[in-house]
Amino acid sequence: MISNFIKTIMEEDLKSGKHDKIITRFPPEPNAYLHIGHARAIITNFELAKCFDGDTILRFDDTNPAKEEKRFMDAIINDIKWLGYTPKRVTFGSDYFDEDYNLAVKLIKEGKAYVDDLTKDEMKEYRGTLTEPGKPSPYRDRSVEENLKLFEEMKEGKYAPGEKTLRLKIDMSSSNLNMRDPAIYRIIDKEHAHTGDKWKVYPLYDYAHPLQDAFEGITHSLCSLEYVEHRPLYDWVIDNTNPPSIPRQIEFGRLNIEGTILSKRYLKELVDKGLVSDYDDPRMPTLVGLKRRGFTPESIKEFVLSTGLSRINSEIPFNSIDHFLMDDLKLKVNRRMAVLNPIKVIITNYPEDKIEYFDFPNNLENEELGSRKISFSNTLYIEREDFVPEKPNNKFKRLSLGAEVRLMGAYFIKAESCDYDENGNVTTIYATYDKETLSGSGFNARKPQGTISYVDAKTCKKAKFNLFESLLKEDDNADLPLEERINPESLKVVEGFVESAFDSTPEVKCQIMRNGYYSNDYESKEDSIVVNRTVSLKQSFK
RNA sequence: AGGACCAUAGCCAAGCGGUAAGGCAACGGACUUUGACUCCGUCAUCGGUGGUUCGAAUCCACCUGGCCCUGCCA
């Protein structure tokens, strides 16, 4: 499902003949990596256009040469591609600098814009406050001729940055501060990634953006809620420049994810301070981070579409994304058994020197994925929490003394006794197996208490599991410095075992998802594998 | 406080005057070679108070709560 309220607007605009084709755009400023919040904007823009057989343009908003960085451009393109979208065109805000400039000249000629000599601080003073109106700049009433000359000189580089700006003449007493003669051109003396040193004056967002939209024929310009109060200015620019088409700005709420930060500034700070390894650290909510953590583009897309959007800033628990990942992977991926916190099980009635190999499906729900061999011997490991000596209650479906469980893909075993260490922790379980109960043999004379996974101690491989927790502490306090907000447990490595069929690596890195282990060796960037487990870590029996 | 926007279940979210969709989570139950998956079932009178109306989550007023706005950032 895709945003209803925007879709409805589009439907009406099509029906009324206002537009005959929907064109949307995703306009990132190339100064950061994309995060899941951007993914929502991307998905929304592309899906909405797709609904109406329209187009979506990727436009790099590069009106400020002081901020953009070239290296982010490729990253953004890659992320969009990764999400499965292909923009109809890739454009740059700077493509329209000439038009922007000519229209500014036109506005000056119409007496709607003027060159101001006020400094930044003076301008602030003149602007007034939230409760008091502003007062007009002493330069507000310069003649058209003087303004034209001055603006021309600004363009030619006769003035230093900060010396002069071009402002719109709107209303210094408006209750909307954005309408109090907003600056639309400032002088920046920096090389621009696209236009080189051609320009000394650069348009500001509020002026450039509506024009870019209009020049590209964007019909619906989606942005976040903080631009609501910019809309009158957006419309003012459109109304006063008579561009070739009339775009409409529509705002929607931002997406927030619990336990993490979705803001360019913080993400940058995390990286700069070395609190994470880089933008693609698997704990990061960036698209590259999520990818490395094991998320698939499909799962992110489904997640985004499931949440929908409205004019509310939403705060969604991180683990609600898990469902969509598991849903996407469950039929696509090979599954393996693993044990993170092992207890040794000795099968007392199984020959000491024997190892059996059984064929077991890679994915019980999808036989197309084939099968692999799993092994069984007299020494096994099972998960510590899969054994409780005294069966705690009737809901308990794992191993306890005197009870039988099925080892997945193998035999029933019955726990006969166990050893304890000085702290009372179980060290070894002694069990017997029943030869008749081999998985797949059709044995059904008895029902086991449950089924648990295991690995064969004689053939298994050591593994490291990365356990990811919330990047921020649970009692996060935004007032603290970032260093103190980070959850020290956000990345925990646990050593355990995986079954021998765990192909190549002697050491795998697995990442915990809620109902299994999602393995994604992010260093070698290998494909993902879900590791079976009888229960999630977060869920414990009672 | 001047202005803007918003307020539907634990979290998202439909609904636009005619008597509360859906997803996630949770909880029951069935099934089962993973307590998974699948399947069945349960889970809100719409921030509050007044008003308009035959009838309101939907309109109006007030209140409360949240969020945003004083860059020559986007």
# chains A, B, ... in the order shown; residues from 1 in each chain; ligands from 1
$ select_by_dssp --residues "region 138-318 of chain A" --states "alpha helix (DSSP H)" --output "VMD selection string"
chain A and resid 144 to 156 205 to 215 231 to 241 264 to 272 287 to 293 297 to 307
$ closest_atom_pairs --of "chain A" --to "chain B" --cutoff "6 Å" --atoms "only C-alpha atoms (C1' of nucleotides)" --output "tab-separated table"
residue	atom	partner	partner_atom	distance
A:Thr129	CA	B:U70	C1'	4.9
A:Leu130	CA	B:G2	C1'	5.4
A:Thr131	CA	B:G2	C1'	4.0
A:Ser175	CA	B:G3	C1'	5.4
A:Arg186	CA	B:C72	C1'	5.1
A:Glu226	CA	B:C68	C1'	5.9
A:Ser306	CA	B:G23	C1'	5.7
A:Thr307	CA	B:C12	C1'	5.1
A:Ser320	CA	B:C24	C1'	5.9
A:Met408	CA	B:U33	C1'	5.6
A:Gly409	CA	B:U33	C1'	5.7
A:Arg533	CA	B:U34	C1'	5.8
A:Thr534	CA	B:U34	C1'	4.5
$ residues_around --residues "Gly93 (chain A)" --least-positions-apart "6" --cutoff "7 Å" --atoms "only C-alpha atoms (C1' of nucleotides)" --output "ChimeraX atom specification"
/A:59-63,212
$ atom_distance --atom1 "CA of Ile374 (chain A)" --atom2 "CA of Glu499 (chain A)"
7.2 Å
$ atom_distance --atom1 "CA of Arg248 (chain A)" --atom2 "CA of Gly84 (chain A)"
26.3 Å
$ closest_atom_pairs --of "region 331-436 of chain A" --to "region 455-472 of chain A" --cutoff "6 Å" --atoms "only C-alpha atoms" --output "CSV"
residue,atom,partner,partner_atom,distance
A:Phe376,CA,A:Asp456,CA,5.5
A:Thr379,CA,A:Ala457,CA,5.5
A:Leu380,CA,A:Asp456,CA,4.5
A:Tyr381,CA,A:Val455,CA,5.4
$ atom_distance --atom1 "C1' of U52 (chain B)" --atom2 "CA of Arg311 (chain A)"
27.7 Å
$ select_by_dssp --residues "region 266-464 of chain A" --states "strand (DSSP E)" --output "ChimeraX atom specification"
/A:314-316,335-339,342-347,356-361,371-376,379-383,404-407,412-420,426-434,451-452,454-456,461-464
$ residues_around --residues "U58 (chain B)" --least-positions-apart "3" --cutoff "12 Å" --atoms "only C-alpha atoms (C1' of nucleotides)" --output "ChimeraX atom specification"
/B:8,15-20,46
$ closest_residue --among "B:C43, B:G28, B:U38, B:C63" --to "G10 (chain B)" --atoms "only C-alpha atoms (C1' of nucleotides)"
B:C43
$ residues_around --residues "Met10 (chain A)" --least-positions-apart "3" --cutoff "10 Å" --atoms "only C-alpha atoms (C1' of nucleotides)" --output "PyMOL selection string"
chain A and resi 4-7+13-16+18-19+21-22+48-49+51-52+219-220
$ residues_around --residues "Leu305 (chain A)" --least-positions-apart "5" --cutoff "12 Å" --atoms "only C-alpha atoms (C1' of nucleotides)" --output "PyMOL selection string"
(chain A and resi 1-4+39-48+298-300+321+324) or (chain B and resi 12-13+22-24)
$ residues_around --residues "Ala75 (chain A)" --least-positions-apart "5" --cutoff "9 Å" --atoms "only C-alpha atoms (C1' of nucleotides)" --output "list in words"
Ala32, Tyr33, Leu34, Ile80 and Val288 of chain A
